[in-house]
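Q: Pasting coords_17.cif below, which is mmCIF, C-alpha atoms and all ligand atoms.
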data_target
loop_
_atom_site.label_atom_id
_atom_site.label_comp_id
_atom_site.auth_asym_id
_atom_site.auth_seq_id
_atom_site.Cartn_x
_atom_site.Cartn_y
_atom_site.Cartn_z
CA MET A 1 83.13 111.79 136.53
CA SER A 2 85.90 114.03 138.00
CA SER A 3 87.67 116.77 136.02
CA PRO A 4 91.35 117.80 136.20
CA PRO A 5 92.13 120.99 138.22
CA PHE A 6 91.73 124.17 136.07
CA GLY A 7 90.83 121.97 133.09
CA PRO A 8 87.48 121.40 131.40
CA THR A 9 84.52 120.51 133.61
CA ALA A 10 83.05 117.02 133.64
CA ARG A 11 80.08 118.38 131.70
CA GLU A 12 82.34 119.87 129.01
CA ILE A 13 84.23 116.60 128.69
CA GLU A 14 81.02 114.62 128.33
CA ALA A 15 79.69 117.02 125.68
CA GLU A 16 82.97 116.79 123.72
CA GLY A 17 82.90 112.99 123.97
CA GLU A 18 79.35 113.02 122.61
CA ARG A 19 80.39 115.37 119.75
CA LEU A 20 83.22 112.98 118.81
CA PHE A 21 80.97 109.91 119.09
CA ARG A 22 78.32 111.43 116.81
CA ALA A 23 80.92 112.58 114.26
CA LEU A 24 82.71 109.22 114.16
CA LEU A 25 79.63 106.96 114.36
CA PRO A 26 79.51 106.18 110.59
CA VAL A 27 83.20 105.17 110.38
CA ASP A 28 83.41 101.43 109.89
CA CYS A 29 86.31 100.38 107.69
CA GLU A 30 87.96 96.96 107.66
CA ALA A 31 90.08 97.60 110.74
CA GLY A 32 86.96 97.58 112.95
CA ARG A 33 85.31 100.41 114.79
CA PRO A 34 87.27 101.60 117.83
CA TRP A 35 85.27 104.83 118.24
CA THR A 36 82.85 103.55 120.89
CA TRP A 37 81.07 105.88 123.35
CA ASP A 38 83.68 105.06 126.03
CA ALA A 39 86.61 105.56 123.64
CA CYS A 40 85.23 108.96 122.56
CA GLN A 41 84.72 110.01 126.20
CA ALA A 42 88.31 108.96 126.96
CA MET A 43 89.58 110.99 123.97
CA ALA A 44 87.59 114.11 124.84
CA PRO A 45 90.05 115.73 127.33
CA LEU A 46 92.76 115.45 124.67
CA THR A 47 90.75 117.08 121.85
CA LEU A 48 89.61 119.81 124.26
CA GLU A 49 93.23 120.48 125.27
CA ILE A 50 94.41 120.55 121.63
CA ASN A 51 91.63 122.93 120.60
CA ALA A 52 92.44 125.22 123.57
CA LEU A 53 96.19 125.12 122.74
CA LYS A 54 95.42 126.10 119.13
CA ARG A 55 93.65 129.26 120.32
CA GLU A 56 96.35 130.08 122.91
CA ARG A 57 99.28 129.61 120.51
CA ASN A 58 97.65 131.00 117.34
CA ALA A 59 98.03 127.61 115.64
CA VAL A 60 96.20 125.90 112.82
CA ILE A 61 95.99 122.14 112.15
CA LEU A 62 96.01 120.97 108.53
CA ALA A 63 95.11 117.29 108.09
CA HIS A 64 95.40 115.10 105.02
CA SER A 65 92.31 112.93 104.43
CA TYR A 66 94.35 109.76 105.13
CA VAL A 67 95.01 110.47 108.83
CA GLU A 68 92.88 108.94 111.59
CA PRO A 69 89.28 110.24 111.71
CA GLU A 70 89.58 111.47 115.31
CA ILE A 71 92.20 113.95 114.04
CA ILE A 72 90.06 114.98 111.04
CA TYR A 73 86.83 115.45 113.01
CA GLY A 74 88.29 116.17 116.46
CA VAL A 75 90.90 118.87 115.93
CA ALA A 76 91.65 119.68 112.26
CA ASP A 77 90.91 123.18 110.97
CA PHE A 78 91.27 122.12 107.33
CA LYS A 79 91.20 118.68 105.72
CA GLY A 80 91.84 117.77 102.12
CA ASP A 81 94.25 116.60 99.45
CA SER A 82 97.81 117.81 98.85
CA TYR A 83 96.77 120.66 96.57
CA GLN A 84 93.98 121.96 98.82
CA LEU A 85 96.28 121.78 101.87
CA SER A 86 99.18 123.52 100.13
CA LEU A 87 96.82 126.43 99.33
CA GLN A 88 95.72 126.49 103.00
CA ALA A 89 99.38 126.47 104.10
CA ARG A 90 100.28 129.26 101.67
CA ASP A 91 97.44 131.46 102.90
CA ALA A 92 97.62 130.59 106.62
CA ALA A 93 97.85 133.59 108.93
CA ALA A 94 98.66 131.45 112.00
CA LYS A 95 102.01 131.54 113.83
CA ILE A 96 102.14 127.74 114.05
CA ILE A 97 101.06 125.21 111.40
CA VAL A 98 100.71 121.64 112.64
CA PHE A 99 100.70 119.34 109.62
CA ALA A 100 98.97 116.03 110.30
CA GLY A 101 100.10 114.21 107.19
CA VAL A 102 103.62 113.24 106.14
CA VAL A 103 106.93 115.10 106.21
CA PHE A 104 106.97 116.22 102.56
CA MET A 105 103.59 117.92 103.13
CA ALA A 106 104.91 119.76 106.20
CA GLU A 107 108.01 120.77 104.21
CA THR A 108 105.72 122.13 101.49
CA ALA A 109 103.90 124.19 104.14
CA LYS A 110 107.23 125.60 105.36
CA ILE A 111 108.30 126.41 101.78
CA LEU A 112 105.09 128.38 101.27
CA SER A 113 104.79 129.93 104.75
CA PRO A 114 108.40 130.54 105.85
CA GLU A 115 107.43 132.91 108.68
CA ALA A 116 105.32 130.24 110.40
CA THR A 117 106.68 127.57 112.71
CA VAL A 118 105.70 124.36 110.93
CA VAL A 119 105.57 121.20 113.01
CA VAL A 120 105.06 117.57 112.14
CA PRO A 121 103.65 115.26 114.84
CA ASP A 122 106.01 112.36 113.97
CA ARG A 123 109.26 112.91 112.11
CA ARG A 124 109.22 109.28 110.90
CA SER A 125 106.07 109.89 108.81
CA GLY A 126 107.85 109.60 105.49
CA CYS A 127 106.58 108.60 102.06
CA SER A 128 107.97 105.87 99.80
CA LEU A 129 107.73 108.25 96.84
CA ALA A 130 109.55 111.19 98.45
CA GLU A 131 112.23 108.80 99.72
CA ALA A 132 112.80 107.35 96.25
CA MET A 133 114.83 110.33 95.04
CA ASP A 134 117.31 112.85 96.43
CA GLY A 135 118.75 115.98 94.87
CA ALA A 136 121.92 114.26 93.58
CA GLU A 137 119.88 111.62 91.72
CA LEU A 138 117.76 114.31 90.08
CA ASP A 139 120.96 116.18 89.05
CA ARG A 140 122.20 112.95 87.45
CA LEU A 141 118.94 112.43 85.51
CA ARG A 142 118.75 116.06 84.46
CA ALA A 143 122.29 115.87 83.03
CA LEU A 144 121.20 112.85 80.94
CA HIS A 145 118.17 114.75 79.56
CA PRO A 146 119.24 118.41 79.33
CA ASP A 147 116.43 119.39 76.92
CA ALA A 148 113.60 117.99 79.08
CA ALA A 149 111.38 120.07 81.38
CA VAL A 150 111.74 118.69 84.92
CA VAL A 151 108.35 118.13 86.54
CA CYS A 152 108.22 116.88 90.11
CA TYR A 153 105.25 115.38 91.87
CA ILE A 154 104.56 117.17 95.17
CA ASN A 155 105.36 113.85 96.94
CA SER A 156 109.06 114.78 96.86
CA THR A 157 111.66 116.36 99.13
CA ALA A 158 112.34 120.11 99.21
CA GLU A 159 115.71 119.40 97.54
CA VAL A 160 113.97 117.77 94.57
CA LYS A 161 111.36 120.55 94.34
CA ALA A 162 114.20 123.09 94.34
CA ARG A 163 115.73 121.44 91.25
CA ALA A 164 112.46 121.08 89.29
CA ASP A 165 111.01 123.51 86.75
CA VAL A 166 107.50 122.99 88.06
CA CYS A 167 105.76 120.97 90.75
CA VAL A 168 102.42 119.17 90.24
CA THR A 169 99.87 117.30 92.37
CA SER A 170 97.62 114.36 91.52
CA GLY A 171 94.86 116.90 90.85
CA ASN A 172 96.65 118.94 88.16
CA VAL A 173 99.46 116.74 86.75
CA PHE A 174 97.77 115.94 83.41
CA GLN A 175 96.68 119.52 82.66
CA ILE A 176 99.99 121.13 83.70
CA VAL A 177 102.21 118.74 81.73
CA GLN A 178 99.96 119.13 78.68
CA ALA A 179 100.28 122.94 78.95
CA LEU A 180 104.12 122.99 79.12
CA PRO A 181 105.86 124.11 75.90
CA GLN A 182 108.53 121.36 76.02
CA ARG A 183 107.94 118.08 74.19
CA ARG A 184 110.26 116.03 76.46
CA ILE A 185 109.33 115.82 80.13
CA LEU A 186 111.44 114.32 82.91
CA PHE A 187 108.80 113.33 85.48
CA VAL A 188 109.96 112.40 89.02
CA PRO A 189 109.77 110.48 91.31
CA ASP A 190 106.61 108.38 90.58
CA ARG A 191 107.01 105.78 87.83
CA LEU A 192 103.36 104.68 87.96
CA MET A 193 102.00 108.22 87.79
CA ALA A 194 104.34 108.74 84.81
CA ASP A 195 102.74 105.69 83.14
CA ASN A 196 99.27 107.15 83.77
CA LEU A 197 100.43 110.53 82.48
CA ARG A 198 101.78 108.94 79.28
CA ALA A 199 98.46 107.11 78.76
CA GLN A 200 96.37 110.26 79.34
CA LEU A 201 98.52 112.36 76.97
CA ARG A 202 98.17 109.65 74.31
CA ARG A 203 94.36 109.77 74.72
CA TRP A 204 94.55 113.55 74.20
CA GLY A 205 96.63 113.03 71.02
CA SER A 206 99.73 114.63 72.53
CA GLU A 207 103.20 113.87 71.13
CA LYS A 208 105.00 114.50 74.40
CA GLU A 209 107.66 112.08 75.59
CA ILE A 210 107.64 111.22 79.30
CA ILE A 211 110.89 110.06 80.88
CA SER A 212 110.32 108.68 84.36
CA ALA A 213 112.19 107.83 87.55
CA ASP A 214 111.55 104.67 89.57
CA GLY A 215 109.61 105.56 92.74
CA THR A 216 106.26 104.02 93.67
CA CYS A 217 103.72 104.49 96.46
CA LEU A 218 103.76 101.52 98.84
CA VAL A 219 99.94 101.66 99.12
CA HIS A 220 98.78 102.26 95.55
CA ASP A 221 101.37 99.98 93.92
CA THR A 222 99.64 96.98 95.54
CA PHE A 223 96.25 97.21 93.80
CA THR A 224 95.56 94.80 90.93
CA VAL A 225 93.15 94.34 88.03
CA ALA A 226 92.32 90.84 89.39
CA GLN A 227 91.09 92.45 92.63
CA MET A 228 88.86 94.79 90.60
CA GLU A 229 87.49 92.00 88.41
CA ASP A 230 86.68 89.84 91.42
CA ALA A 231 84.85 92.77 93.06
CA ARG A 232 82.92 93.59 89.87
CA ALA A 233 81.77 89.96 89.61
CA ARG A 234 80.48 90.02 93.20
CA PHE A 235 78.86 93.49 93.14
CA PRO A 236 76.93 94.29 89.91
CA GLY A 237 76.91 98.01 89.12
CA LEU A 238 80.07 98.58 91.22
CA LYS A 239 82.09 101.73 90.50
CA VAL A 240 85.87 101.43 90.94
CA VAL A 241 87.62 104.64 91.99
CA THR A 242 91.42 104.94 91.89
CA HIS A 243 94.31 107.35 92.33
CA PRO A 244 96.90 108.10 89.60
CA GLU A 245 99.60 106.54 91.84
CA CYS A 246 98.05 103.14 90.92
CA PRO A 247 99.51 100.89 88.18
CA ALA A 248 98.40 101.95 84.67
CA ASP A 249 96.40 98.73 84.00
CA VAL A 250 94.41 99.33 87.20
CA ALA A 251 93.77 102.97 86.31
CA ALA A 252 92.75 102.03 82.75
CA ALA A 253 90.18 99.51 84.02
CA ALA A 254 88.71 101.84 86.69
CA ASP A 255 85.60 104.02 86.39
CA PHE A 256 87.38 107.09 87.77
CA VAL A 257 90.99 108.19 88.37
CA GLY A 258 91.84 111.34 90.28
CA SER A 259 93.28 113.04 93.34
CA THR A 260 91.79 112.14 96.71
CA GLY A 261 89.75 115.35 96.55
CA ALA A 262 88.44 114.48 93.08
CA MET A 263 87.73 110.89 94.18
CA MET A 264 85.51 112.25 96.95
CA SER A 265 83.63 114.53 94.54
CA TYR A 266 83.14 111.65 92.08
CA VAL A 267 81.61 109.40 94.77
CA ARG A 268 79.36 112.19 96.07
CA ASN A 269 78.04 112.90 92.55
CA THR A 270 77.73 109.36 91.19
CA PRO A 271 74.70 107.16 91.74
CA ALA A 272 75.89 103.55 92.18
CA PRO A 273 74.96 100.69 94.51
CA HIS A 274 78.57 100.16 95.69
CA PHE A 275 82.03 101.70 95.39
CA LEU A 276 85.48 100.07 95.53
CA MET A 277 88.02 102.69 96.64
CA LEU A 278 91.56 101.67 95.59
CA THR A 279 93.35 104.06 97.92
CA GLU A 280 94.22 104.62 101.58
CA CYS A 281 91.44 103.70 104.06
CA GLY A 282 91.27 107.19 105.58
CA LEU A 283 89.49 108.41 102.46
CA VAL A 284 86.81 105.74 102.89
CA SER A 285 86.34 106.84 106.52
CA ARG A 286 85.85 110.45 105.38
CA LEU A 287 83.29 109.36 102.82
CA GLN A 288 81.43 107.23 105.36
CA VAL A 289 81.04 110.37 107.49
CA GLU A 290 80.40 112.91 104.72
CA ALA A 291 78.47 110.78 102.20
CA PRO A 292 76.58 108.41 104.53
CA ASP A 293 74.18 107.20 101.82
CA LYS A 294 77.04 105.59 99.81
CA ARG A 295 78.16 101.95 100.24
CA PHE A 296 81.82 100.83 100.15
CA ILE A 297 83.02 97.26 99.80
CA GLY A 298 86.46 97.44 101.45
CA GLY A 299 89.65 96.84 99.51
CA CYS A 300 91.43 99.96 100.79
CA ARG A 301 94.92 99.79 102.40
CA LEU A 302 96.58 101.64 105.29
CA CYS A 303 99.55 103.98 104.81
CA PRO A 304 101.80 103.32 107.83
CA HIS A 305 103.28 106.81 107.57
CA MET A 306 99.95 108.64 107.67
CA LYS A 307 98.88 106.43 110.58
CA ARG A 308 101.88 107.58 112.69
CA ASN A 309 99.93 110.78 113.42
CA SER A 310 98.03 110.73 116.72
CA LEU A 311 96.19 113.14 119.03
CA GLU A 312 98.89 112.66 121.71
CA LYS A 313 101.69 113.61 119.29
CA ILE A 314 99.73 116.64 118.06
CA ARG A 315 99.15 117.75 121.68
CA ASP A 316 102.89 117.38 122.46
CA ALA A 317 103.87 119.32 119.31
CA LEU A 318 101.54 122.15 120.35
CA ARG A 319 102.57 122.20 124.02
CA ALA A 320 106.32 122.35 123.33
CA PRO A 321 107.56 121.01 119.98
CA ARG A 322 110.73 118.93 120.14
CA PRO A 323 113.49 119.95 117.66
CA ASP A 324 112.75 116.86 115.55
CA GLN A 325 109.11 118.00 115.16
CA ILE A 326 110.06 121.43 113.77
CA ILE A 327 110.62 121.71 110.01
CA THR A 328 113.74 123.67 109.06
CA LEU A 329 115.01 124.21 105.52
CA ASP A 330 118.08 125.77 103.96
CA GLU A 331 116.86 129.21 102.77
CA GLU A 332 118.23 128.87 99.23
CA VAL A 333 116.59 125.44 98.83
CA ARG A 334 113.33 126.84 100.23
CA ARG A 335 113.37 129.82 97.87
CA ARG A 336 114.02 127.67 94.78
CA ALA A 337 111.42 125.08 95.84
CA ALA A 338 108.88 127.92 96.33
CA ARG A 339 109.42 128.91 92.68
CA SER A 340 108.38 125.49 91.37
CA LEU A 341 105.32 125.48 93.66
CA GLU A 342 104.36 129.02 92.57
CA ARG A 343 104.62 127.94 88.91
CA MET A 344 102.25 125.11 89.76
CA PHE A 345 99.72 127.52 91.31
CA ALA A 346 99.93 129.78 88.25
CA LEU A 347 99.57 126.95 85.73
CA ALA A 348 96.79 125.26 87.71
CA ALA A 349 94.84 128.53 87.76
CA ALA A 350 95.35 129.06 84.01
CA ASN A 351 94.47 125.54 82.80
P1 LIG B 1 96.39 113.56 97.05
O1 LIG B 1 97.08 114.83 96.79
O2 LIG B 1 95.54 113.08 95.91
O3 LIG B 1 95.64 113.61 98.34
O4 LIG B 1 97.50 112.41 97.20
C1 LIG B 1 98.43 112.40 98.25
C2 LIG B 1 98.97 111.08 98.49
O5 LIG B 1 99.94 110.92 99.20
C3 LIG B 1 98.33 109.94 97.84
O6 LIG B 1 98.95 108.77 98.24
FE1 LIG B 2 103.32 108.39 100.29
FE2 LIG B 2 101.77 106.43 99.40
FE3 LIG B 2 101.61 107.12 101.94
FE4 LIG B 2 100.66 108.76 100.00
S1 LIG B 2 99.88 106.73 100.57
S2 LIG B 2 101.93 109.35 101.76
S3 LIG B 2 102.16 108.37 98.37
S4 LIG B 2 103.42 106.23 100.92
#
Mind turning the file's structure into structure tokens?

A:
Amino acid sequence: MSSPPFGPTAREIEAEGERLFRALLPVDCEAGRPWTWDACQAMAPLTLEINALKRERNAVILAHSYVEPEIIYGVADFKGDSYQLSLQARDAAAKIIVFAGVVFMAETAKILSPEATVVVPDRRSGCSLAEAMDGAELDRLRALHPDAAVVCYINSTAEVKARADVCVTSGNVFQIVQALPQRRILFVPDRLMADNLRAQLRRWGSEKEIISADGTCLVHDTFTVAQMEDARARFPGLKVVTHPECPADVAAAADFVGSTGAMMSYVRNTPAPHFLMLTECGLVSRLQVEAPDKRFIGGCRLCPHMKRNSLEKIRDALRAPRPDQIITLDEEVRRRAARSLERMFALAAAN
């Protein structure tokens, strides 16, 4: 095997290919298993180049659990859910943050780390929730409900965060809303998470009124109770694990509802013969690698936006980011959005 001039040696490439192959060996979701020995060897020069560029440029790669496993196990410095990654972004000392996730997550990193250059591998990696509401629409809703506290899910644009009183993630939404002094809450942009929030507050005996907007996640909105019942009939002892972006009837019939980070902890700590993960397939891939004794029965779906991330695009963003890969924000919007994120950090720590 020949090596490129001044690049890694053939031996280094083979060792990197073997590292990738071993890391990715357990991944076997519905889409098949493209991480063969040859595919990992072919990928190795790219992961070596990305890891060298990170050191050269003082860059860090944050990866959401839904992106492709070769990003998670090949080049990411931190992997996790939106809350864990926003803490990493806030505390990052690097000059460059590459966010392998979707644009609202990279915007959140820029809000929290304004001195860093924040880059997103593919500008088209949107989110059906964030795209469901702009600042003008939130102004309109707020005017209709002037006495309500405005709570925005982190899956929202910087403009929406800037207009909210507090931001929340899937991991802290129930506790933070419960802790707010206001009885009326305008929750945006996720209608299904609002339904789940209403149901949870009712279980806690809370009198709060939740007014919602109309966004939904294009992945989690598709799961059904019929799918769960069919799976339970075929796999006795099955545990069904869902995200609060799912419809309320699905969440109510599941064994566990939580953020992607909490879903992973639940699976790790729960003895069961099989699990049905009603979420994006990247989370199942992570669990196959990190909890290899657990069995999953499929049923997950792909998020097209998360899957726009690739090693090639990350390499290009690190070599010389194009203007469309660099996150820029109006400073006043950034400052106001930072306030609603900082309130979230404070309330999450206190509750
Ligand atoms: P988590 O914060 O739970 O990872 O959720 C992010 C997301 O986009 C789920 O669809
Ligand atoms: Fe947005 Fe849904 Fe994709 Fe998460 S899975 S990034 S909520 S579209």

Q: Nearest residue to Met228 (chain A) out of A:Ile96, A:Leu201, A:Cys281, A:Leu276, using only C-alpha atoms?

A: A:Leu276

Q: Considering all atoms listed in the file, state which residue in the set A:Ala100, A:Ile297, A:Val27, A:Cys217 is at the smallest distance from His274 (chain A).

A: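 Of A:Ala100, A:Ile297, A:Val27, A:Cys217, the one nearest His274 (chain A), counting all atoms listed in the file, is A:Ile297.
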
Q: Check which residues fall inside 9 Å of ligand LIG 2 (chain B) when counting only C-alpha atoms and all ligand atoms, and print them as a ChimeraX atom specification.

A: /A:66,101-105,125-131,155,190,216-221,245,279-280,301-306

Q: Within 10 Å of Ile176 (chain A), counting only C-alpha atoms, which residues show up once you throw out same-chain ones fewer than 3 positions away? Write them as a ChimeraX atom specification, please.

A: /A:151,166-169,171-173,179-180,343-351

Q: Which one of A:Cys152, A:Asn269, A:Asp195, A:Thr260 sits closest to Leu85 (chain A) if you count all atoms listed in the file?

A: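 Closest to Leu85 (chain A), using all atoms listed in the file: A:Thr260.
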
Q: Could the residues of chain A that have an atom at most 6 Å from ligand LIG 1 (chain B) be listed as CSV, each with its closest atom pair and the distance in Å to one decimal, counting all atoms listed in the file and ordered by chain and ascending residue number?

A:
residue,atom,partner,partner_atom,distance
A:Asp81,CA,B:LIG1,O3,3.5
A:Ser82,CA,B:LIG1,O1,3.7
A:Tyr83,CA,B:LIG1,O1,5.8
A:Thr169,CA,B:LIG1,O1,5.8
A:Ser170,CA,B:LIG1,O2,5.0
A:Ser259,CA,B:LIG1,O2,3.4
A:Thr260,CA,B:LIG1,O2,3.9

Q: Give me, as a list in words, all polymer residues having an atom no more than 8 Å from Leu48 (chain A), counting all atoms listed in the file and skipping those fewer than 4 positions away in the same chain.

A: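 What passes the distance filter is Pro8, Ile13, Glu16, Ala44 and Ala52 of chain A.
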
Q: Up to 10 Å from (116.4, 120.4, 83.6) in the file's coordinates: name the residues, counting all atoms listed in the file, as number ranges by chain.

A: A: 138-139, 141-151, 163-165, 185-186

Q: Using Å and a single decimal, report how far CA of Phe78 (chain A) sits from CA of Ser310 (chain A).

A: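 Straight-line distance from CA of Ser310 (chain A) to CA of Phe78 (chain A) works out to 16.2 Å.
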
Q: Calculated over only C-alpha atoms, which of the candidates A:Val257, A:Glu14, A:Val60, A:Lys54 has the smallest distance to Asp38 (chain A)?

A: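 Selected residue with least distance to Asp38 (chain A): A:Glu14.
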
Q: So what do you get for CA of Pro273 (chain A) versus CA of Arg295 (chain A), distance-wise?

A: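 Answer for the CA of Pro273 (chain A) to CA of Arg295 (chain A) separation: 6.7 Å.
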
Q: For Gly80 (chain A), which of A:Arg322, A:Arg335, A:Arg286, A:Arg11 is the closest residue, counting all atoms listed in the file?

A: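 Closest residue, counting all atoms listed in the file: A:Arg286.
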
Q: For a test of reading the model, state the distance in Å between CA of Gln175 (chain A) and CA of Val250 (chain A), rounded to one decimal.

A: 20.8 Å

Q: So, counting only C-alpha atoms, which residue among A:Val160, A:Arg308, A:Phe235, A:Leu197 is closest to Phe174 (chain A)?

A: A:Leu197

Q: Around the point (109.6, 112.5, 116.6) (coordinates from the file), which residues reach within 7 Å if we count all atoms listed in the file? Answer as a PyMOL selection string.

A: chain A and resi 121-124+324-325

Q: Would you tabulate, counting all atoms listed in the file, all residues of region 237-318 of chain A that have an atom at most 10 Å from an atom of region 61-64 of chain A, showing the closest pair of atoms and their distance in Å to one decimal, sorted by chain then ascending number, as JSON lines?

A:
{"residue": "A:Thr260", "atom": "CA", "partner": "A:His64", "partner_atom": "CA", "distance": 9.5}
{"residue": "A:Gly282", "atom": "CA", "partner": "A:His64", "partner_atom": "CA", "distance": 8.9}
{"residue": "A:Leu283", "atom": "CA", "partner": "A:His64", "partner_atom": "CA", "distance": 9.3}
{"residue": "A:Met306", "atom": "CA", "partner": "A:His64", "partner_atom": "CA", "distance": 8.3}
{"residue": "A:Asn309", "atom": "CA", "partner": "A:Ala63", "partner_atom": "CA", "distance": 9.7}
{"residue": "A:Ile314", "atom": "CA", "partner": "A:Ile61", "partner_atom": "CA", "distance": 8.9}
{"residue": "A:Leu318", "atom": "CA", "partner": "A:Ile61", "partner_atom": "CA", "distance": 9.9}
